[in-house]
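Right, one structure below, let's go through it.
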Amino acid sequence: MSIALNLDHSSAVRPVAAGRPSLIGLSKPLLAEALVSHEVVSEKEGRMRASQLWNWLYVNGVTDFERMTNVAKPVRQKLAETFNLDRPEIVTEQVSVDGTRKWLFRFRDPQNPNMPPVEVETVYIPESDRGTLCVSSQVGCTLTCSFCHTGTQKLVRNLTAGEILGQILMARERLGDFPGGARPDDGGLVPGGETRAITNIVMMGMGEPLYNYDNVKAALLIASAGDGMSISKRRITLSTSGVVPYIEPTGREIDVMLAISLHAVRDDLRDVLVPINKKWPLKELLAACRNYPGLSNARRITFEYVMLDGINDSDAEARELVRLLAGIPAKINLIPFNPWPGANYGTSPSSRIERFADIVNKAGYASPVRTPRGRDIFAACGQLKSESERLSKKDRDALAAV
Ligand code: SAH
Ligand code: SF4
């Protein structure tokens, strides 16, 4: 049984300031540029004010310019007239019996207040040694992996860098991770020895992060900046279904940990399960993995493998998996299939998963079986979906013109 929290919406919902652009999601140089180009500060002051704002936004989690006490009052006023710092609205917040939390966040387009808002799901998974936030990169997904619930929802749109960060900022606020913040009633289940509830980020929510590369890159570079949110790049993992041309740039430019949704060891099966395989088949995908910048035994690639009953879970496939990955510093993450209404697959029995894991372990790979978390609130891998509808181009143009 899960608990659906009754939120006091007066504090959770912040009305969007129509027409005022957001400052969340701009790199520090772009932040300085925005302040200067909107004539909030002089060119001379740009960098200094940008550094002050950066600290307020990402270290202190402030959402109100008035609280930026080291910024001169007239500048604070101009900032408030020109920009917004809005975070997403919380539509629902659910807490699982196992402490997993799932939020449905709603974003409005501040530049086009007439556009219908979009909604995405974000999940927090507390464990004994870490607290992981599972972040979405798109509303829906263009890809159609046949075992994934998100894949049944058409892509509505890419999230902006600010919206990707907005999920992290809002989760931090709800979990009391900012200085002076209040923890939720259950304590937010802060992992042992940590001061923050959120220690790790995984780009494993809704969407394919490498089909929204520029925004994901901007957001992750801000999340990992040492003078800001300061989440170590070794604690950020980006999961891709295999968008090969963006794998090398991910390592070179973002430098985070990589996870690959492999799920099959033969092209004919992977074409069905992960259809992007038709574009970039296994051979090309694994070559890109071998060349991932910074790859070493200390920085392995995680290969995700969903266990589908009678589809991809035989001993022969476990052995083939080991053969395919030879020479790549790798971890193998076996994920029991999480069912959703209308899915055409079943979960492999646990004895089958154990046998598969055994073969992979004996070949020298760590292969933890991912315990499904938050199943009661439908928060496990591949179960995320929102009701946001894709609008026709005609409708979108009509709304934007109002
Ligand atoms: N789009 C990216 C990241 C999001 S999905 C990707 O595909 O990698 C995160 C992981 O959950 C992926 O490995 C995905 O294949 C897996 N997944 C999707 N649906 C699932 C389901 N129903 N049960 C278990 N895992 C699932
Ligand atoms: Fe999209 Fe990933 Fe789901 Fe495939 S598994 S449909 S890439 S979200």
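Lettering and numbering for the structure tokens are positional, with chains as A, B, ... in the shown order, residues counted from 1 in each chain, and ligands counted from 1 in the shown order.
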Can you pull out every residue within 9 Å of range 228-230 of chain A, counting only C-alpha atoms, but drop anything in the same chain fewer than 6 positions away, and send it as an MDAnalysis selection string?
-> chainID A and resid 54:60 222
Take the residues from that selection and put them in a file with all heavy atoms, as an mmCIF file, in the first residue's frame.
```cif
data_model
loop_
_atom_site.group_PDB
_atom_site.id
_atom_site.type_symbol
_atom_site.label_atom_id
_atom_site.label_comp_id
_atom_site.auth_asym_id
_atom_site.auth_seq_id
_atom_site.Cartn_x
_atom_site.Cartn_y
_atom_site.Cartn_z
ATOM 1 N N TRP A 54 24.398 32.269 -8.786
ATOM 2 C CA TRP A 54 24.693 30.832 -8.903
ATOM 3 C C TRP A 54 24.664 30.188 -7.519
ATOM 4 O O TRP A 54 24.074 29.136 -7.301
ATOM 5 C CB TRP A 54 26.081 30.705 -9.547
ATOM 6 C CG TRP A 54 26.541 29.328 -9.868
ATOM 7 C CD1 TRP A 54 27.265 28.507 -9.072
ATOM 8 C CD2 TRP A 54 26.324 28.633 -11.094
ATOM 9 N NE1 TRP A 54 27.528 27.333 -9.722
ATOM 10 C CE2 TRP A 54 26.962 27.386 -10.965
ATOM 11 C CE3 TRP A 54 25.674 28.935 -12.288
ATOM 12 C CZ2 TRP A 54 26.970 26.435 -11.987
ATOM 13 C CZ3 TRP A 54 25.669 27.994 -13.307
ATOM 14 C CH2 TRP A 54 26.305 26.763 -13.143
ATOM 15 N N ASN A 55 25.324 30.862 -6.582
ATOM 16 C CA ASN A 55 25.367 30.349 -5.221
ATOM 17 C C ASN A 55 23.974 30.313 -4.592
ATOM 18 O O ASN A 55 23.585 29.321 -3.968
ATOM 19 C CB ASN A 55 26.326 31.229 -4.405
ATOM 20 C CG ASN A 55 26.598 30.644 -3.049
ATOM 21 O OD1 ASN A 55 25.853 30.886 -2.103
ATOM 22 N ND2 ASN A 55 27.638 29.847 -2.946
ATOM 23 N N TRP A 56 23.204 31.369 -4.791
ATOM 24 C CA TRP A 56 21.845 31.370 -4.232
ATOM 25 C C TRP A 56 20.983 30.271 -4.856
ATOM 26 O O TRP A 56 20.241 29.580 -4.155
ATOM 27 C CB TRP A 56 21.177 32.733 -4.448
ATOM 28 C CG TRP A 56 21.694 33.801 -3.536
ATOM 29 C CD1 TRP A 56 22.395 34.921 -3.904
ATOM 30 C CD2 TRP A 56 21.580 33.849 -2.115
ATOM 31 N NE1 TRP A 56 22.718 35.654 -2.797
ATOM 32 C CE2 TRP A 56 22.231 35.033 -1.680
ATOM 33 C CE3 TRP A 56 21.004 33.012 -1.155
ATOM 34 C CZ2 TRP A 56 22.311 35.397 -0.341
ATOM 35 C CZ3 TRP A 56 21.081 33.381 0.182
ATOM 36 C CH2 TRP A 56 21.730 34.552 0.574
ATOM 37 N N LEU A 57 21.116 30.102 -6.170
ATOM 38 C CA LEU A 57 20.228 29.149 -6.864
ATOM 39 C C LEU A 57 20.596 27.706 -6.560
ATOM 40 O O LEU A 57 19.730 26.882 -6.279
ATOM 41 C CB LEU A 57 20.307 29.340 -8.397
ATOM 42 C CG LEU A 57 19.888 30.696 -8.951
ATOM 43 C CD1 LEU A 57 19.975 30.707 -10.468
ATOM 44 C CD2 LEU A 57 18.476 31.013 -8.505
ATOM 45 N N TYR A 58 21.894 27.413 -6.647
ATOM 46 C CA TYR A 58 22.283 25.995 -6.635
ATOM 47 C C TYR A 58 22.854 25.508 -5.309
ATOM 48 O O TYR A 58 22.816 24.319 -5.028
ATOM 49 C CB TYR A 58 23.259 25.718 -7.789
ATOM 50 C CG TYR A 58 22.603 26.012 -9.127
ATOM 51 C CD1 TYR A 58 23.093 26.991 -9.982
ATOM 52 C CD2 TYR A 58 21.448 25.331 -9.499
ATOM 53 C CE1 TYR A 58 22.460 27.273 -11.187
ATOM 54 C CE2 TYR A 58 20.812 25.610 -10.703
ATOM 55 C CZ TYR A 58 21.316 26.578 -11.536
ATOM 56 O OH TYR A 58 20.677 26.852 -12.709
ATOM 57 N N VAL A 59 23.405 26.401 -4.500
ATOM 58 C CA VAL A 59 23.886 25.964 -3.179
ATOM 59 C C VAL A 59 22.769 26.133 -2.149
ATOM 60 O O VAL A 59 22.482 25.234 -1.368
ATOM 61 C CB VAL A 59 25.154 26.744 -2.740
ATOM 62 C CG1 VAL A 59 25.585 26.323 -1.343
ATOM 63 C CG2 VAL A 59 26.276 26.539 -3.753
ATOM 64 N N ASN A 60 22.103 27.290 -2.202
ATOM 65 C CA ASN A 60 21.088 27.582 -1.176
ATOM 66 C C ASN A 60 19.667 27.253 -1.595
ATOM 67 O O ASN A 60 18.754 27.254 -0.762
ATOM 68 C CB ASN A 60 21.183 29.063 -0.783
ATOM 69 C CG ASN A 60 22.487 29.344 -0.060
ATOM 70 O OD1 ASN A 60 22.724 28.806 1.016
ATOM 71 N ND2 ASN A 60 23.353 30.125 -0.665
ATOM 72 N N ILE A 222 25.693 21.668 -14.912
ATOM 73 C CA ILE A 222 25.340 22.520 -13.763
ATOM 74 C C ILE A 222 25.202 21.663 -12.494
ATOM 75 O O ILE A 222 25.714 22.012 -11.441
ATOM 76 C CB ILE A 222 24.044 23.311 -14.049
ATOM 77 C CG1 ILE A 222 24.310 24.325 -15.169
ATOM 78 C CG2 ILE A 222 23.539 24.011 -12.779
ATOM 79 C CD1 ILE A 222 23.090 25.097 -15.633
#
```
Using only C-alpha atoms and all ligand atoms, what are the residues with an atom within 7 Å of ligand 1, set out as a list of chain:residue names?
->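 Selection of residues at most 7 Å from ligand 1: A:Phe147, A:Cys148, A:His149, A:Met203, A:Met204, A:Gly205, A:Met206, A:Gly207, A:Glu208, A:Pro209, A:Ser239, A:Thr240, A:Ser241, A:Ile260, A:Ser261, A:Glu304, A:Tyr305, A:Val306, A:Ile335, A:Pro336, A:Phe337, A:Asn338, A:Pro339, A:Trp340, A:Cys381, A:Gly382, A:Gln383.
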Quick one: write out the picked residues with C-alpha atoms as a compact mmCIF listing (two decimals), in the first residue's frame?
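Resulting contents of selection35.txt:
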```txt
# COMPACT_ATOMS: atom_id res chain seq x y z
CA PHE A 147 8.62 -3.65 -23.01
CA CYS A 148 8.63 -0.01 -21.82
CA HIS A 149 5.57 1.90 -20.70
CA MET A 203 19.07 9.85 -16.22
CA MET A 204 16.75 6.85 -16.33
CA GLY A 205 13.32 8.46 -16.12
CA MET A 206 11.12 9.22 -19.07
CA GLY A 207 12.76 9.76 -22.44
CA GLU A 208 15.99 9.10 -24.28
CA PRO A 209 18.59 11.54 -22.91
CA SER A 239 21.34 5.62 -19.58
CA THR A 240 20.86 5.33 -23.33
CA SER A 241 19.10 2.85 -25.54
CA ILE A 260 23.52 1.01 -21.98
CA SER A 261 20.09 -0.57 -22.30
CA GLU A 304 21.20 -3.04 -18.35
CA TYR A 305 19.44 -6.25 -19.22
CA VAL A 306 15.71 -6.61 -18.59
CA ILE A 335 16.41 -5.89 -14.17
CA PRO A 336 13.38 -8.11 -13.56
CA PHE A 337 10.74 -6.92 -16.04
CA ASN A 338 8.26 -4.59 -14.35
CA PRO A 339 4.80 -5.20 -15.73
CA TRP A 340 2.38 -2.47 -16.74
CA CYS A 381 12.02 1.15 -14.15
CA GLY A 382 10.00 1.45 -17.29
CA GLN A 383 6.71 2.16 -15.55
```
In range 19-222 of chain A, what's strand (DSSP E or B) per DSSP? Answer as a ChimeraX atom specification?
-> /A:22,84,89-95,101-107,118-126,131-134,138-139,157-158,200-203
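For the choices A:Val190, A:Val118, A:Leu210, A:Leu53, the atom-to-atom distance to ligand 2 is smallest for A:Leu210 when using only C-alpha atoms and all ligand atoms.
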For Gly188 in chain A, which residue among A:Ala318, A:Ala366, A:Leu175, A:Leu258 is the nearest when counting only C-alpha atoms?
->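 The shortest atom-to-atom distance to Gly188 in chain A comes from A:Leu175.
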Test item: residues at most 8 Å from range 131-144 of chain A, only C-alpha atoms, excluding those fewer than 3 positions along its chain, as a PyMOL selection string | chain A and resi 118-127+148+150-159+164+167-168+190-191+197-209+212+216+274-276+385-386+388
Excluding Arg319 in chain A and residues on its chain fewer than 4 positions from it, collect all residues at most 8 Å away from it, counting only C-alpha atoms, and give them as a PDB file with all heavy atoms, in the first residue's frame.
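What landed in selection_15.pdb:
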```
ATOM      1  N   ASP A 315      20.277 -19.711 -20.720  1.00  0.00           N
ATOM      2  CA  ASP A 315      21.706 -19.863 -20.383  1.00  0.00           C
ATOM      3  C   ASP A 315      22.575 -19.468 -21.570  1.00  0.00           C
ATOM      4  O   ASP A 315      23.614 -18.824 -21.412  1.00  0.00           O
ATOM      5  CB  ASP A 315      22.004 -21.333 -20.032  1.00  0.00           C
ATOM      6  CG  ASP A 315      21.437 -21.706 -18.668  1.00  0.00           C
ATOM      7  OD1 ASP A 315      20.805 -20.834 -18.031  1.00  0.00           O
ATOM      8  OD2 ASP A 315      21.620 -22.872 -18.248  1.00  0.00           O
ATOM      9  N   ARG A 323      30.413 -13.166 -23.797  1.00  0.00           N
ATOM     10  CA  ARG A 323      31.303 -13.156 -24.957  1.00  0.00           C
ATOM     11  C   ARG A 323      31.307 -11.767 -25.620  1.00  0.00           C
ATOM     12  O   ARG A 323      32.351 -11.219 -25.944  1.00  0.00           O
ATOM     13  CB  ARG A 323      30.815 -14.221 -25.960  1.00  0.00           C
ATOM     14  CG  ARG A 323      31.893 -14.739 -26.897  1.00  0.00           C
ATOM     15  CD  ARG A 323      31.297 -15.612 -27.993  1.00  0.00           C
ATOM     16  NE  ARG A 323      30.345 -14.897 -28.836  1.00  0.00           N
ATOM     17  CZ  ARG A 323      30.665 -14.049 -29.810  1.00  0.00           C
ATOM     18  NH1 ARG A 323      31.936 -13.827 -30.082  1.00  0.00           N
ATOM     19  NH2 ARG A 323      29.733 -13.438 -30.514  1.00  0.00           N
ATOM     20  N   ILE A 359      25.863 -17.410 -14.241  1.00  0.00           N
ATOM     21  CA  ILE A 359      26.743 -17.565 -15.403  1.00  0.00           C
ATOM     22  C   ILE A 359      27.554 -16.283 -15.599  1.00  0.00           C
ATOM     23  O   ILE A 359      28.773 -16.305 -15.818  1.00  0.00           O
ATOM     24  CB  ILE A 359      25.904 -17.891 -16.670  1.00  0.00           C
ATOM     25  CG1 ILE A 359      25.241 -19.260 -16.506  1.00  0.00           C
ATOM     26  CG2 ILE A 359      26.770 -17.843 -17.931  1.00  0.00           C
ATOM     27  CD1 ILE A 359      24.267 -19.639 -17.604  1.00  0.00           C
ATOM     28  N   VAL A 360      26.885 -15.162 -15.473  1.00  0.00           N
ATOM     29  CA  VAL A 360      27.542 -13.880 -15.681  1.00  0.00           C
ATOM     30  C   VAL A 360      28.563 -13.622 -14.554  1.00  0.00           C
ATOM     31  O   VAL A 360      29.694 -13.181 -14.805  1.00  0.00           O
ATOM     32  CB  VAL A 360      26.455 -12.781 -15.734  1.00  0.00           C
ATOM     33  CG1 VAL A 360      27.065 -11.416 -15.757  1.00  0.00           C
ATOM     34  CG2 VAL A 360      25.555 -12.979 -16.951  1.00  0.00           C
TER      35      VAL A 360
END
```
So how many Å separate CA of Tyr345 in chain A and CA of Val95 in chain A, to one decimal?
-> 26.8 Å
Would you list the contacts of Arg252 in chain A as number ranges by chain, taking every protein, DNA or RNA residue within 9 Å and counting only C-alpha atoms, but skipping same-chain residues closer than 6 positions in sequence?
-> A: 292-294
Run DSSP on the backbone and give me the residues of range 115-266 of chain A it puts in alpha helix (DSSP H), as a ChimeraX atom specification.
-> /A:161-175,213-224,247-249
Shortest interatomic distance to ligand 2 - which of A:Arg355, A:Lys278, A:His263, A:His38, counting only C-alpha atoms and all ligand atoms = A:His263
Computed interatomic separation between CA of Leu79 in chain A and CA of Val91 in chain A (Å) |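 It comes out at 27.9 Å.
Between Gly242 in chain A and the residues A:Arg270, A:Arg373, A:Lys102, A:Lys78, the shortest atom-to-atom distance, using only C-alpha atoms, involves A:Arg270.
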So, counting only C-alpha atoms, which residue among A:Pro372, A:Leu384, A:Phe356, A:Ala298 is closest to Asp98 in chain A?
->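 Ranking A:Pro372, A:Leu384, A:Phe356, A:Ala298 by distance to Asp98 in chain A, first place goes to A:Pro372.
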Nearest-residue call for ligand 2, choices A:Gly162, A:Arg101, A:Arg235, A:Ala259, using only C-alpha atoms and all ligand atoms = A:Ala259
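CA of Arg87 in chain A to CA of Met257 in chain A spans 26.6 Å [interatomic distance, one decimal].
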Write out as a list of chain:residue names the residues lying within 12 Å of Ala326 in chain A, counting only C-alpha atoms and excluding same-chain residues fewer than 3 positions away.
-> A:Leu286, A:Ala287, A:Cys289, A:Arg290, A:Arg319, A:Glu320, A:Leu321, A:Val322, A:Arg323, A:Pro329, A:Ala330, A:Lys331, A:Val360, A:Ala363, A:Gly364, A:Tyr365
Those residues with all heavy atoms, as a short mmCIF file (atom, residue, chain, number, x, y, z; two decimals), in the first residue's frame please?
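New file out-v3.cif:
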```
data_model
loop_
_atom_site.label_atom_id
_atom_site.label_comp_id
_atom_site.auth_asym_id
_atom_site.auth_seq_id
_atom_site.Cartn_x
_atom_site.Cartn_y
_atom_site.Cartn_z
N LEU A 286 28.59 -1.62 -29.50
CA LEU A 286 29.67 -2.10 -28.63
C LEU A 286 31.00 -1.45 -28.99
O LEU A 286 31.83 -1.20 -28.11
CB LEU A 286 29.74 -3.63 -28.67
CG LEU A 286 28.48 -4.27 -28.05
CD1 LEU A 286 28.46 -5.77 -28.29
CD2 LEU A 286 28.38 -3.97 -26.56
N ALA A 287 31.18 -1.12 -30.27
CA ALA A 287 32.41 -0.41 -30.66
C ALA A 287 32.43 0.97 -29.99
O ALA A 287 33.46 1.41 -29.48
CB ALA A 287 32.48 -0.28 -32.18
N CYS A 289 31.04 1.72 -27.22
CA CYS A 289 31.32 1.50 -25.79
C CYS A 289 32.81 1.30 -25.55
O CYS A 289 33.38 1.84 -24.61
CB CYS A 289 30.54 0.29 -25.27
SG CYS A 289 28.78 0.58 -25.22
N ARG A 290 33.43 0.50 -26.40
CA ARG A 290 34.88 0.25 -26.24
C ARG A 290 35.66 1.55 -26.28
O ARG A 290 36.71 1.67 -25.65
CB ARG A 290 35.39 -0.68 -27.36
CG ARG A 290 34.95 -2.09 -27.18
CD ARG A 290 35.81 -3.11 -27.95
NE ARG A 290 35.50 -4.42 -27.39
CZ ARG A 290 34.43 -5.12 -27.73
NH1 ARG A 290 33.61 -4.67 -28.65
NH2 ARG A 290 34.18 -6.27 -27.14
N ARG A 319 25.65 -16.71 -21.72
CA ARG A 319 27.03 -16.95 -22.18
C ARG A 319 27.40 -16.01 -23.33
O ARG A 319 28.52 -15.51 -23.41
CB ARG A 319 27.18 -18.42 -22.59
CG ARG A 319 27.23 -19.36 -21.38
CD ARG A 319 27.66 -20.76 -21.77
NE ARG A 319 26.61 -21.44 -22.51
CZ ARG A 319 25.65 -22.20 -21.95
NH1 ARG A 319 25.64 -22.41 -20.65
NH2 ARG A 319 24.75 -22.77 -22.71
N GLU A 320 26.45 -15.79 -24.21
CA GLU A 320 26.69 -14.89 -25.35
C GLU A 320 26.93 -13.44 -24.86
O GLU A 320 27.76 -12.72 -25.41
CB GLU A 320 25.49 -14.95 -26.30
CG GLU A 320 25.60 -14.10 -27.55
CD GLU A 320 26.81 -14.42 -28.44
OE1 GLU A 320 27.47 -15.45 -28.24
OE2 GLU A 320 27.10 -13.57 -29.33
N LEU A 321 26.23 -13.09 -23.80
CA LEU A 321 26.39 -11.75 -23.23
C LEU A 321 27.84 -11.56 -22.76
O LEU A 321 28.49 -10.56 -23.06
CB LEU A 321 25.41 -11.59 -22.05
CG LEU A 321 25.44 -10.29 -21.27
CD1 LEU A 321 25.15 -9.11 -22.19
CD2 LEU A 321 24.40 -10.31 -20.13
N VAL A 322 28.34 -12.57 -22.07
CA VAL A 322 29.71 -12.53 -21.56
C VAL A 322 30.69 -12.41 -22.74
O VAL A 322 31.65 -11.63 -22.71
CB VAL A 322 29.98 -13.81 -20.75
CG1 VAL A 322 31.46 -13.94 -20.43
CG2 VAL A 322 29.12 -13.82 -19.48
N ARG A 323 30.41 -13.17 -23.80
CA ARG A 323 31.30 -13.16 -24.96
C ARG A 323 31.31 -11.77 -25.62
O ARG A 323 32.35 -11.22 -25.94
CB ARG A 323 30.82 -14.22 -25.96
CG ARG A 323 31.89 -14.74 -26.90
CD ARG A 323 31.30 -15.61 -27.99
NE ARG A 323 30.35 -14.90 -28.84
CZ ARG A 323 30.66 -14.05 -29.81
NH1 ARG A 323 31.94 -13.83 -30.08
NH2 ARG A 323 29.73 -13.44 -30.51
N PRO A 329 35.43 -2.90 -19.79
CA PRO A 329 35.20 -2.83 -18.33
C PRO A 329 33.71 -2.59 -18.08
O PRO A 329 33.19 -1.54 -18.45
CB PRO A 329 36.05 -1.64 -17.89
CG PRO A 329 37.05 -1.45 -19.00
CD PRO A 329 36.37 -1.88 -20.26
N ALA A 330 33.05 -3.60 -17.52
CA ALA A 330 31.58 -3.53 -17.48
C ALA A 330 30.99 -4.07 -16.19
O ALA A 330 31.59 -4.89 -15.50
CB ALA A 330 31.01 -4.33 -18.65
N LYS A 331 29.81 -3.55 -15.87
CA LYS A 331 28.95 -4.15 -14.85
C LYS A 331 27.68 -4.55 -15.58
O LYS A 331 27.30 -3.88 -16.54
CB LYS A 331 28.56 -3.12 -13.79
CG LYS A 331 29.61 -2.85 -12.77
CD LYS A 331 29.10 -1.87 -11.72
CE LYS A 331 29.36 -0.45 -12.18
NZ LYS A 331 29.15 0.58 -11.18
N VAL A 360 26.89 -15.16 -15.47
CA VAL A 360 27.54 -13.88 -15.68
C VAL A 360 28.56 -13.62 -14.55
O VAL A 360 29.69 -13.18 -14.80
CB VAL A 360 26.46 -12.78 -15.73
CG1 VAL A 360 27.06 -11.42 -15.76
CG2 VAL A 360 25.56 -12.98 -16.95
N ALA A 363 31.76 -15.52 -14.87
CA ALA A 363 32.66 -14.97 -15.90
C ALA A 363 33.38 -13.72 -15.38
O ALA A 363 34.12 -13.08 -16.12
CB ALA A 363 31.85 -14.63 -17.14
N GLY A 364 33.12 -13.38 -14.12
CA GLY A 364 33.89 -12.30 -13.50
C GLY A 364 33.18 -10.95 -13.47
O GLY A 364 33.78 -9.95 -13.13
N TYR A 365 31.91 -10.93 -13.86
CA TYR A 365 31.20 -9.64 -13.82
C TYR A 365 30.38 -9.52 -12.55
O TYR A 365 29.69 -10.47 -12.17
CB TYR A 365 30.23 -9.52 -15.01
CG TYR A 365 30.93 -9.37 -16.32
CD1 TYR A 365 31.15 -10.47 -17.14
CD2 TYR A 365 31.39 -8.13 -16.73
CE1 TYR A 365 31.80 -10.33 -18.35
CE2 TYR A 365 32.05 -7.98 -17.94
CZ TYR A 365 32.26 -9.09 -18.74
OH TYR A 365 32.92 -8.94 -19.93
#
```
